[in-house]
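**Q** So I've got this file, structure06.cif, and it contains mmCIF, C-alpha atoms:
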data_coords
loop_
_atom_site.label_atom_id
_atom_site.label_comp_id
_atom_site.auth_asym_id
_atom_site.auth_seq_id
_atom_site.Cartn_x
_atom_site.Cartn_y
_atom_site.Cartn_z
CA MET A 235 152.23 186.08 36.89
CA MET A 236 151.41 184.67 40.31
CA HIS A 237 149.22 186.85 42.52
CA PRO A 238 149.28 186.54 46.30
CA THR A 239 146.23 184.84 47.73
CA PRO A 240 144.21 187.32 49.77
CA HIS A 241 143.82 186.44 53.42
CA ALA A 242 140.42 185.09 54.34
CA ARG A 243 138.43 187.12 56.81
CA GLN A 244 138.67 185.83 60.36
CA PRO A 245 135.50 184.78 62.16
CA LEU A 246 135.01 187.24 65.03
CA CYS A 247 132.34 186.67 67.67
CA LEU A 248 131.29 189.81 69.55
CA LEU A 249 129.66 189.50 72.98
CA PRO A 250 127.60 192.49 74.18
CA GLY A 251 127.28 193.69 77.76
CA LEU A 252 124.23 193.84 80.03
CA LEU A 253 121.26 195.46 78.25
CA CYS A 254 123.34 195.85 75.07
CA ASP A 255 122.91 194.45 71.59
CA ARG A 256 124.52 194.70 68.15
CA ALA A 257 124.50 198.51 68.23
CA LEU A 258 127.28 198.43 70.85
CA TRP A 259 129.69 197.08 68.21
CA ALA A 260 128.36 198.94 65.15
CA HIS A 261 131.59 200.82 64.38
CA GLN A 262 133.73 197.73 64.71
CA ILE A 263 131.41 195.59 62.57
CA GLU A 264 131.45 198.14 59.76
CA ASN A 265 135.11 199.07 59.87
CA LEU A 266 136.64 195.64 60.42
CA SER A 267 134.55 193.98 57.71
CA ASP A 268 137.54 193.73 55.35
CA ILE A 269 139.43 191.44 57.74
CA ALA A 270 136.75 190.00 60.05
CA ASP A 271 133.51 188.14 59.52
CA CYS A 272 131.66 189.56 62.54
CA THR A 273 128.75 187.96 64.33
CA VAL A 274 127.09 189.31 67.48
CA ALA A 275 125.91 186.74 70.01
CA ASP A 276 122.46 186.98 71.56
CA LEU A 277 123.08 186.99 75.33
CA THR A 278 119.44 187.54 76.30
CA ARG A 279 117.93 184.06 76.35
CA ALA A 280 119.53 182.23 79.28
CA ASP A 281 120.02 182.88 82.98
CA SER A 282 123.37 181.16 83.58
CA MET A 283 126.88 181.69 82.26
CA GLY A 284 127.07 178.04 81.26
CA ALA A 285 123.94 178.19 79.12
CA LEU A 286 125.02 181.47 77.52
CA ALA A 287 128.45 180.04 76.67
CA GLU A 288 126.96 176.86 75.22
CA ALA A 289 124.60 178.89 73.02
CA VAL A 290 127.52 180.93 71.65
CA LEU A 291 129.56 177.78 70.99
CA ALA A 292 126.61 176.08 69.26
CA HIS A 293 126.36 178.89 66.70
CA ALA A 294 130.05 179.78 66.30
CA PRO A 295 132.48 178.42 63.69
CA ASP A 296 134.96 175.72 64.71
CA ARG A 297 137.57 178.37 65.54
CA PHE A 298 137.01 182.08 66.06
CA ALA A 299 138.33 185.28 67.58
CA LEU A 300 136.34 186.37 70.62
CA ALA A 301 135.64 189.85 72.01
CA GLY A 302 133.41 190.64 74.98
CA LEU A 303 132.41 193.75 76.90
CA SER A 304 131.55 193.59 80.61
CA MET A 305 129.02 190.73 80.88
CA GLY A 306 130.27 189.63 77.47
CA GLY A 307 133.69 189.27 79.07
CA TYR A 308 132.22 187.02 81.76
CA VAL A 309 130.75 184.83 79.01
CA ALA A 310 134.10 184.84 77.20
CA PHE A 311 135.80 183.45 80.31
CA GLU A 312 133.16 180.69 80.47
CA ILE A 313 133.74 179.85 76.80
CA LEU A 314 137.46 179.56 77.50
CA ARG A 315 136.77 177.19 80.38
CA ARG A 316 134.64 174.96 78.13
CA ALA A 317 136.33 175.12 74.73
CA PRO A 318 139.71 176.92 74.85
CA GLU A 319 140.89 175.15 71.69
CA ARG A 320 138.21 176.94 69.63
CA VAL A 321 139.28 180.51 70.54
CA THR A 322 142.08 181.92 68.36
CA ARG A 323 142.45 185.31 70.09
CA LEU A 324 140.75 187.19 72.91
CA CYS A 325 139.67 190.81 73.44
CA LEU A 326 138.29 191.86 76.84
CA VAL A 327 136.70 195.30 77.10
CA ASP A 328 135.59 197.04 80.30
CA THR A 329 135.29 193.78 82.21
CA SER A 330 136.55 191.94 85.29
CA ALA A 331 137.70 188.42 86.12
CA ARG A 332 136.43 188.77 89.69
CA PRO A 333 133.02 187.79 91.04
CA ASP A 334 130.85 190.56 92.51
CA THR A 335 131.71 192.06 95.86
CA LEU A 336 129.01 191.83 98.54
CA GLU A 337 128.02 195.43 97.84
CA GLN A 338 127.77 194.76 94.10
CA ARG A 339 125.67 191.65 94.71
CA GLN A 340 123.28 193.54 96.96
CA ARG A 341 122.90 196.34 94.42
CA ARG A 342 122.33 193.85 91.60
CA GLU A 343 119.78 191.87 93.62
CA ALA A 344 117.89 195.07 94.47
CA MET A 345 117.71 196.04 90.78
CA LEU A 346 116.56 192.53 89.91
CA LYS A 347 113.82 192.64 92.53
CA LEU A 348 112.53 195.99 91.23
CA ALA A 349 112.54 194.72 87.66
CA ARG A 350 110.62 191.57 88.58
CA ILE A 351 107.79 193.56 90.20
CA GLY A 352 107.40 195.66 87.08
CA LYS A 353 109.48 198.72 87.86
CA PHE A 354 111.90 198.29 84.95
CA ARG A 355 112.06 201.35 82.72
CA GLY A 356 115.17 200.62 80.71
CA MET A 357 118.06 202.91 81.51
CA SER A 358 117.24 206.35 82.86
CA PRO A 359 119.42 209.37 82.03
CA ARG A 360 120.57 209.34 85.66
CA LEU A 361 121.68 205.71 85.43
CA LEU A 362 123.26 206.42 82.05
CA SER A 363 125.64 208.84 83.77
CA THR A 364 127.12 205.89 85.68
CA GLN A 365 127.76 203.99 82.43
CA VAL A 366 129.39 206.52 80.10
CA HIS A 367 131.73 209.49 80.51
CA PRO A 368 129.83 212.66 81.56
CA ASP A 369 130.70 214.27 78.22
CA HIS A 370 128.85 211.49 76.39
CA VAL A 371 125.51 211.34 78.21
CA ALA A 372 123.82 213.90 75.96
CA VAL A 373 125.50 212.79 72.73
CA PRO A 374 122.84 211.05 70.58
CA GLU A 375 125.39 208.70 68.99
CA ILE A 376 126.35 207.47 72.46
CA GLY A 377 123.75 208.19 75.15
CA GLY A 378 120.85 207.93 72.73
CA VAL A 379 122.12 204.61 71.38
CA VAL A 380 122.46 203.20 74.91
CA LEU A 381 118.94 204.21 75.90
CA ALA A 382 117.53 202.64 72.72
CA MET A 383 119.46 199.40 73.32
CA THR A 384 118.07 199.01 76.83
CA GLU A 385 114.53 199.41 75.55
CA ARG A 386 115.07 196.79 72.84
CA VAL A 387 116.59 194.25 75.24
CA GLY A 388 113.84 194.78 77.79
CA ARG A 389 112.93 193.65 81.28
CA ASP A 390 112.74 189.87 80.89
CA ALA A 391 116.17 189.64 79.30
CA PHE A 392 117.57 192.03 81.92
CA CYS A 393 116.36 189.67 84.67
CA ARG A 394 117.93 186.65 82.99
CA GLN A 395 121.20 188.49 82.44
CA GLN A 396 121.42 189.70 86.03
CA ALA A 397 120.78 186.16 87.30
CA ALA A 398 123.59 184.87 85.08
CA ILE A 399 125.97 187.58 86.27
CA LEU A 400 125.15 186.89 89.92
CA SER A 401 125.99 183.19 89.53
CA ARG A 402 129.26 183.64 87.65
CA PRO A 403 132.42 182.05 89.09
CA ASP A 404 135.75 183.65 89.85
CA SER A 405 137.68 183.65 86.55
CA ARG A 406 141.04 184.69 87.99
CA PRO A 407 142.37 181.13 88.48
CA GLY A 408 142.27 180.51 84.72
CA LEU A 409 143.94 183.71 83.54
CA ASP A 410 147.51 182.38 83.42
CA ALA A 411 146.38 179.48 81.18
CA ILE A 412 145.18 181.80 78.38
CA SER A 413 147.66 181.33 75.55
CA VAL A 414 146.15 183.26 72.62
CA PRO A 415 146.89 186.90 71.64
CA THR A 416 144.92 188.92 74.21
CA LEU A 417 143.88 192.57 74.09
CA VAL A 418 142.50 194.29 77.21
CA ILE A 419 140.74 197.66 76.83
CA VAL A 420 139.18 199.83 79.53
CA GLY A 421 137.87 203.37 79.82
CA ALA A 422 139.93 205.52 82.16
CA ASP A 423 136.66 206.70 83.72
CA ASP A 424 134.90 203.32 83.86
CA ALA A 425 133.04 203.33 87.19
CA GLN A 426 131.47 199.89 86.71
CA THR A 427 134.56 197.75 86.07
CA THR A 428 137.32 200.10 87.12
CA PRO A 429 140.72 200.13 85.38
CA ASP A 430 142.38 198.15 88.18
CA ARG A 431 140.26 195.16 87.12
CA SER A 432 141.71 195.35 83.62
CA HIS A 433 145.22 195.80 85.04
CA GLU A 434 144.70 192.59 86.98
CA ILE A 435 143.65 190.66 83.88
CA ALA A 436 146.52 192.00 81.76
CA GLU A 437 149.08 191.23 84.44
CA ARG A 438 147.96 187.61 84.72
CA VAL A 439 147.35 186.70 81.07
CA PRO A 440 150.74 185.96 79.46
CA GLY A 441 151.64 188.58 76.85
CA ALA A 442 148.38 190.52 77.14
CA ALA A 443 148.31 194.12 75.90
CA LEU A 444 146.47 196.70 78.04
CA HIS A 445 145.08 200.00 76.73
CA ILE A 446 143.37 202.58 78.95
CA LEU A 447 141.29 205.05 76.94
CA PRO A 448 140.89 208.68 78.11
CA ARG A 449 137.46 210.37 78.22
CA CYS A 450 135.81 206.98 78.27
CA GLY A 451 133.45 205.25 80.68
CA HIS A 452 132.11 201.68 80.64
CA LEU A 453 131.15 201.39 76.97
CA ALA A 454 134.40 201.89 75.07
CA PRO A 455 133.25 200.54 71.65
CA LEU A 456 130.59 203.29 71.58
CA GLU A 457 132.46 206.04 73.42
CA GLN A 458 135.81 205.75 71.64
CA PRO A 459 134.85 203.77 68.52
CA GLU A 460 137.76 204.76 66.27
CA ARG A 461 140.34 203.92 68.92
CA VAL A 462 138.74 200.59 69.82
CA THR A 463 138.45 199.61 66.17
CA ALA A 464 142.10 200.51 65.53
CA LEU A 465 143.24 198.45 68.52
CA MET A 466 141.11 195.50 67.44
CA ARG A 467 142.49 195.70 63.89
CA GLU A 468 146.03 195.45 65.26
CA TRP A 469 144.97 192.60 67.56
CA LEU A 470 143.35 190.66 64.70
CA GLY A 471 146.68 190.78 62.89
CA ALA A 472 148.78 189.71 65.88
CA GLY A 473 150.78 186.57 65.25
CA THR A 474 149.86 186.40 61.55
CA THR A 475 151.77 187.20 58.38
CA ARG A 476 150.30 189.92 56.21
#
Let me see whether you can do it: turn the structure in this file into structure tokens.
**A**
Amino acid sequence: MMHPTPHARQPLCLLPGLLCDRALWAHQIENLSDIADCTVADLTRADSMGALAEAVLAHAPDRFALAGLSMGGYVAFEILRRAPERVTRLCLVDTSARPDTLEQRQRREAMLKLARIGKFRGMSPRLLSTQVHPDHVAVPEIGGVVLAMTERVGRDAFCRQQAAILSRPDSRPGLDAISVPTLVIVGADDAQTTPDRSHEIAERVPGAALHILPRCGHLAPLEQPERVTALMREWLGAGTTR
């Protein structure tokens, strides 16, 4: 009797946000392991989007699915500019295709200046409340994880990441050229990259699917892990025969 050949797991490259690491994607890594071979890129070692993108491409398989949160989304756009033929599908979480506004640049430059003179203390509970939904600040599996991530990533990487973010280009002109299955996810209460930024991406990328998650701030994979994982499972199957 002939048995159907099981589908190979897809390579999936996960790009963390500012001051985040592998822990951001822990639920997805564990619960998509049957269909995805997940790797988490290290976005701490370069101070430009170009260098970050080249480092990801140097370590990635020939073709791979790509998911990025916030700064990880900015890197994903740079990867698409450099090697669109290598990306099989795209997931953008709590991110924006726009460059910083003047106010955002000034705030980022002020934080960078403080960090460079030694006043970096990771993420304070007060700052945490601008990142996650108020209900999640005191939840150890969310707020506690975020605080621990920021300590692990540390000041020097924070400075490099902020410099890269400040120098990023406007990614909106390339949105209509994206031709792979694209999933856009944003927290309804995201104060950092507000839902209108995700609406803009989804409207411009042909065929993109947009999902706005309730009771969720800027870190959807941590704040609504089951929902994000379910959406990513569906996305990983888009356009394939099961």
**Q** Going by the chain IDs and residue numbers used in this file, which residues fall under the PyMOL selection byres ((chain A and resi 263) around 12)? Write them as number ranges by chain.
**A** A: 245-248, 256-262, 264-274, 301, 455-456, 459-460, 462-463, 466-467
**Q** Based on the selection just made, write C-alpha atoms of those residues as a compact mmCIF listing (two decimals), in the frame of the given file.
**A**
# COMPACT_ATOMS: atom_id res chain seq x y z
CA PRO A 245 135.50 184.78 62.16
CA LEU A 246 135.01 187.24 65.03
CA CYS A 247 132.34 186.67 67.67
CA LEU A 248 131.29 189.81 69.55
CA ARG A 256 124.52 194.70 68.15
CA ALA A 257 124.50 198.51 68.23
CA LEU A 258 127.28 198.43 70.85
CA TRP A 259 129.69 197.08 68.21
CA ALA A 260 128.36 198.94 65.15
CA HIS A 261 131.59 200.82 64.38
CA GLN A 262 133.73 197.73 64.71
CA GLU A 264 131.45 198.14 59.76
CA ASN A 265 135.11 199.07 59.87
CA LEU A 266 136.64 195.64 60.42
CA SER A 267 134.55 193.98 57.71
CA ASP A 268 137.54 193.73 55.35
CA ILE A 269 139.43 191.44 57.74
CA ALA A 270 136.75 190.00 60.05
CA ASP A 271 133.51 188.14 59.52
CA CYS A 272 131.66 189.56 62.54
CA THR A 273 128.75 187.96 64.33
CA VAL A 274 127.09 189.31 67.48
CA ALA A 301 135.64 189.85 72.01
CA PRO A 455 133.25 200.54 71.65
CA LEU A 456 130.59 203.29 71.58
CA PRO A 459 134.85 203.77 68.52
CA GLU A 460 137.76 204.76 66.27
CA VAL A 462 138.74 200.59 69.82
CA THR A 463 138.45 199.61 66.17
CA MET A 466 141.11 195.50 67.44
CA ARG A 467 142.49 195.70 63.89
**Q** Give me the residues near A:Phe311 as a ChimeraX atom specification, where near means some atom within 10 Å (using only C-alpha atoms) and where sequence neighbours in that chain fewer than 6 positions away do not count.
**A** /A:283,287,302,305,318,324,326,330-331,402-406,408-409,412
**Q** Would you put the residues from that selection into a file with C-alpha atoms, as an mmCIF file, keeping the file's coordinate frame?
**A**
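And here's selection-v5.cif as it stands now:
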data_model
loop_
_atom_site.group_PDB
_atom_site.id
_atom_site.type_symbol
_atom_site.label_atom_id
_atom_site.label_comp_id
_atom_site.auth_asym_id
_atom_site.auth_seq_id
_atom_site.Cartn_x
_atom_site.Cartn_y
_atom_site.Cartn_z
ATOM 1 C CA MET A 283 126.880 181.690 82.260
ATOM 2 C CA ALA A 287 128.450 180.040 76.670
ATOM 3 C CA GLY A 302 133.410 190.640 74.980
ATOM 4 C CA MET A 305 129.020 190.730 80.880
ATOM 5 C CA PRO A 318 139.710 176.920 74.850
ATOM 6 C CA LEU A 324 140.750 187.190 72.910
ATOM 7 C CA LEU A 326 138.290 191.860 76.840
ATOM 8 C CA SER A 330 136.550 191.940 85.290
ATOM 9 C CA ALA A 331 137.700 188.420 86.120
ATOM 10 C CA ARG A 402 129.260 183.640 87.650
ATOM 11 C CA PRO A 403 132.420 182.050 89.090
ATOM 12 C CA ASP A 404 135.750 183.650 89.850
ATOM 13 C CA SER A 405 137.680 183.650 86.550
ATOM 14 C CA ARG A 406 141.040 184.690 87.990
ATOM 15 C CA GLY A 408 142.270 180.510 84.720
ATOM 16 C CA LEU A 409 143.940 183.710 83.540
ATOM 17 C CA ILE A 412 145.180 181.800 78.380
#
**Q** With the PyMOL selection byres ((chain A and resi 321) around 6) as the selection, what would be picked from this file? Answer as a PyMOL selection string, please.
**A** chain A and resi 297-299+318-320+322-323
**Q** Determine, using all atoms listed in the file, which residues of stretch 272-311 of chain A have any atom at most 12 Å from an atom of stretch 375-398 of chain A, and tabulate each with its shortest atom pair and distance in Å to one decimal place, rows ordered by chain and then rising number, as a tab-separated table.
**A**
residue	atom	partner	partner_atom	distance
A:Asp276	CA	A:Val387	CA	10.0
A:Leu277	CA	A:Gln395	CA	7.5
A:Thr278	CA	A:Ala391	CA	4.9
A:Arg279	CA	A:Ala391	CA	6.6
A:Ala280	CA	A:Arg394	CA	6.0
A:Asp281	CA	A:Arg394	CA	4.3
A:Ser282	CA	A:Ala398	CA	4.0
A:Met283	CA	A:Ala398	CA	5.4
A:Gly284	CA	A:Ala398	CA	8.6
A:Ala285	CA	A:Ala398	CA	9.0
A:Leu286	CA	A:Ala398	CA	8.4
A:Ala287	CA	A:Ala398	CA	10.8
A:Ser304	CA	A:Gln395	CA	11.7
A:Met305	CA	A:Gln395	CA	8.3
A:Gly306	CA	A:Gln395	CA	10.4
A:Tyr308	CA	A:Ala398	CA	9.5
A:Val309	CA	A:Ala398	CA	9.4
**Q** Taking the file as I've supplied it (selection: the PyMOL selection byres ((chain A and resi 452) around 8)), which residues are included? Please answer as an NGL selection string.
**A** :A and (328 or 365-367 or 420-421 or 423-427 or 450-451 or 453-454)
**Q** Between A:Ile399, A:Leu361, A:Ala442, A:Val371, single out the one closest to A:Gly307, counting all atoms listed in the file.
**A** A:Ile399
**Q** With all atoms listed in the file as the basis for distance, which of A:Asp430, A:Glu288, A:Asp369, A:Glu457 is at the shortest distance from A:Leu314?
**A**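 The shortest atom-to-atom distance to A:Leu314 comes from A:Glu288.
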**Q** Find the distance between atom CA of A:Gly473 and atom CA of A:Arg332 and write it in Å to one decimal.
**A**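 Taking atom CA of A:Gly473 and atom CA of A:Arg332, their separation equals 28.4 Å.
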**Q** Grab stretch 315-327 of chain A from that structure and dump all heavy atoms to a file, as an mmCIF file, in the first residue's frame.
**A**
data_model
loop_
_atom_site.group_PDB
_atom_site.id
_atom_site.type_symbol
_atom_site.label_atom_id
_atom_site.label_comp_id
_atom_site.auth_asym_id
_atom_site.auth_seq_id
_atom_site.Cartn_x
_atom_site.Cartn_y
_atom_site.Cartn_z
ATOM 1 N N ARG A 315 13.719 43.870 -0.061
ATOM 2 C CA ARG A 315 14.364 44.741 -1.052
ATOM 3 C C ARG A 315 15.591 44.069 -1.654
ATOM 4 O O ARG A 315 15.896 44.245 -2.835
ATOM 5 C CB ARG A 315 14.767 46.079 -0.419
ATOM 6 C CG ARG A 315 13.634 47.078 -0.310
ATOM 7 C CD ARG A 315 14.125 48.458 0.103
ATOM 8 N NE ARG A 315 14.471 48.513 1.521
ATOM 9 C CZ ARG A 315 13.602 48.778 2.491
ATOM 10 N NH1 ARG A 315 12.332 48.985 2.220
ATOM 11 N NH2 ARG A 315 13.989 48.831 3.753
ATOM 12 N N ARG A 316 16.300 43.277 -0.860
ATOM 13 C CA ARG A 316 17.572 42.699 -1.294
ATOM 14 C C ARG A 316 17.426 41.327 -1.933
ATOM 15 O O ARG A 316 18.188 40.987 -2.844
ATOM 16 C CB ARG A 316 18.530 42.612 -0.091
ATOM 17 C CG ARG A 316 19.001 43.959 0.372
ATOM 18 C CD ARG A 316 19.677 43.933 1.728
ATOM 19 N NE ARG A 316 20.017 45.296 2.126
ATOM 20 C CZ ARG A 316 21.240 45.812 2.075
ATOM 21 N NH1 ARG A 316 22.262 45.066 1.692
ATOM 22 N NH2 ARG A 316 21.451 47.062 2.433
ATOM 23 N N ALA A 317 16.508 40.522 -1.442
ATOM 24 C CA ALA A 317 16.410 39.136 -1.931
ATOM 25 C C ALA A 317 14.966 38.643 -1.914
ATOM 26 O O ALA A 317 14.629 37.667 -1.235
ATOM 27 C CB ALA A 317 17.295 38.221 -1.078
ATOM 28 N N PRO A 318 14.068 39.314 -2.659
ATOM 29 C CA PRO A 318 12.645 38.921 -2.617
ATOM 30 C C PRO A 318 12.400 37.486 -3.060
ATOM 31 O O PRO A 318 11.452 36.846 -2.593
ATOM 32 C CB PRO A 318 11.978 39.928 -3.565
ATOM 33 C CG PRO A 318 13.075 40.394 -4.462
ATOM 34 C CD PRO A 318 14.305 40.401 -3.618
ATOM 35 N N GLU A 319 13.262 36.979 -3.938
ATOM 36 C CA GLU A 319 13.067 35.617 -4.462
ATOM 37 C C GLU A 319 13.292 34.545 -3.403
ATOM 38 O O GLU A 319 12.876 33.396 -3.575
ATOM 39 C CB GLU A 319 14.007 35.385 -5.653
ATOM 40 C CG GLU A 319 15.474 35.222 -5.308
ATOM 41 C CD GLU A 319 16.205 36.514 -4.934
ATOM 42 O OE1 GLU A 319 15.610 37.612 -5.061
ATOM 43 O OE2 GLU A 319 17.377 36.432 -4.514
ATOM 44 N N ARG A 320 13.904 34.898 -2.282
ATOM 45 C CA ARG A 320 14.186 33.902 -1.239
ATOM 46 C C ARG A 320 13.063 33.784 -0.207
ATOM 47 O O ARG A 320 13.046 32.838 0.589
ATOM 48 C CB ARG A 320 15.510 34.234 -0.544
ATOM 49 C CG ARG A 320 16.716 34.040 -1.467
ATOM 50 C CD ARG A 320 18.021 34.346 -0.784
ATOM 51 N NE ARG A 320 18.244 33.476 0.371
ATOM 52 C CZ ARG A 320 19.304 33.577 1.176
ATOM 53 N NH1 ARG A 320 20.217 34.517 0.940
ATOM 54 N NH2 ARG A 320 19.445 32.763 2.206
ATOM 55 N N VAL A 321 12.136 34.736 -0.191
ATOM 56 C CA VAL A 321 11.063 34.756 0.816
ATOM 57 C C VAL A 321 9.809 34.110 0.235
ATOM 58 O O VAL A 321 9.294 34.545 -0.790
ATOM 59 C CB VAL A 321 10.779 36.195 1.271
ATOM 60 C CG1 VAL A 321 9.623 36.219 2.271
ATOM 61 C CG2 VAL A 321 12.036 36.822 1.885
ATOM 62 N N THR A 322 9.318 33.059 0.889
ATOM 63 C CA THR A 322 8.165 32.307 0.380
ATOM 64 C C THR A 322 6.837 32.834 0.892
ATOM 65 O O THR A 322 5.798 32.660 0.253
ATOM 66 C CB THR A 322 8.273 30.828 0.781
ATOM 67 O OG1 THR A 322 8.307 30.734 2.224
ATOM 68 C CG2 THR A 322 9.524 30.188 0.206
ATOM 69 N N ARG A 323 6.834 33.455 2.069
ATOM 70 C CA ARG A 323 5.638 34.054 2.658
ATOM 71 C C ARG A 323 6.079 35.025 3.737
ATOM 72 O O ARG A 323 7.192 34.936 4.254
ATOM 73 C CB ARG A 323 4.659 33.001 3.175
ATOM 74 C CG ARG A 323 5.211 32.024 4.172
ATOM 75 C CD ARG A 323 4.269 30.821 4.344
ATOM 76 N NE ARG A 323 4.304 29.956 3.180
ATOM 77 C CZ ARG A 323 3.221 29.486 2.548
ATOM 78 N NH1 ARG A 323 2.010 29.788 2.987
ATOM 79 N NH2 ARG A 323 3.334 28.702 1.498
ATOM 80 N N LEU A 324 5.208 35.965 4.089
ATOM 81 C CA LEU A 324 5.588 37.075 4.944
ATOM 82 C C LEU A 324 4.544 37.311 6.027
ATOM 83 O O LEU A 324 3.350 37.371 5.743
ATOM 84 C CB LEU A 324 5.733 38.340 4.084
ATOM 85 C CG LEU A 324 6.072 39.656 4.791
ATOM 86 C CD1 LEU A 324 7.473 39.613 5.392
ATOM 87 C CD2 LEU A 324 5.955 40.822 3.808
ATOM 88 N N CYS A 325 5.008 37.460 7.270
ATOM 89 C CA CYS A 325 4.130 37.794 8.397
ATOM 90 C C CYS A 325 4.698 39.031 9.091
ATOM 91 O O CYS A 325 5.857 39.030 9.523
ATOM 92 C CB CYS A 325 4.049 36.620 9.375
ATOM 93 S SG CYS A 325 3.079 36.950 10.864
ATOM 94 N N LEU A 326 3.890 40.078 9.182
ATOM 95 C CA LEU A 326 4.305 41.344 9.780
ATOM 96 C C LEU A 326 3.447 41.615 11.012
ATOM 97 O O LEU A 326 2.231 41.711 10.911
ATOM 98 C CB LEU A 326 4.148 42.476 8.761
ATOM 99 C CG LEU A 326 5.010 42.326 7.508
ATOM 100 C CD1 LEU A 326 4.543 43.283 6.422
ATOM 101 C CD2 LEU A 326 6.488 42.550 7.828
ATOM 102 N N VAL A 327 4.099 41.726 12.164
ATOM 103 C CA VAL A 327 3.382 41.839 13.433
ATOM 104 C C VAL A 327 3.738 43.159 14.113
ATOM 105 O O VAL A 327 4.921 43.463 14.315
ATOM 106 C CB VAL A 327 3.735 40.658 14.372
ATOM 107 C CG1 VAL A 327 2.840 40.692 15.613
ATOM 108 C CG2 VAL A 327 3.604 39.325 13.656
#
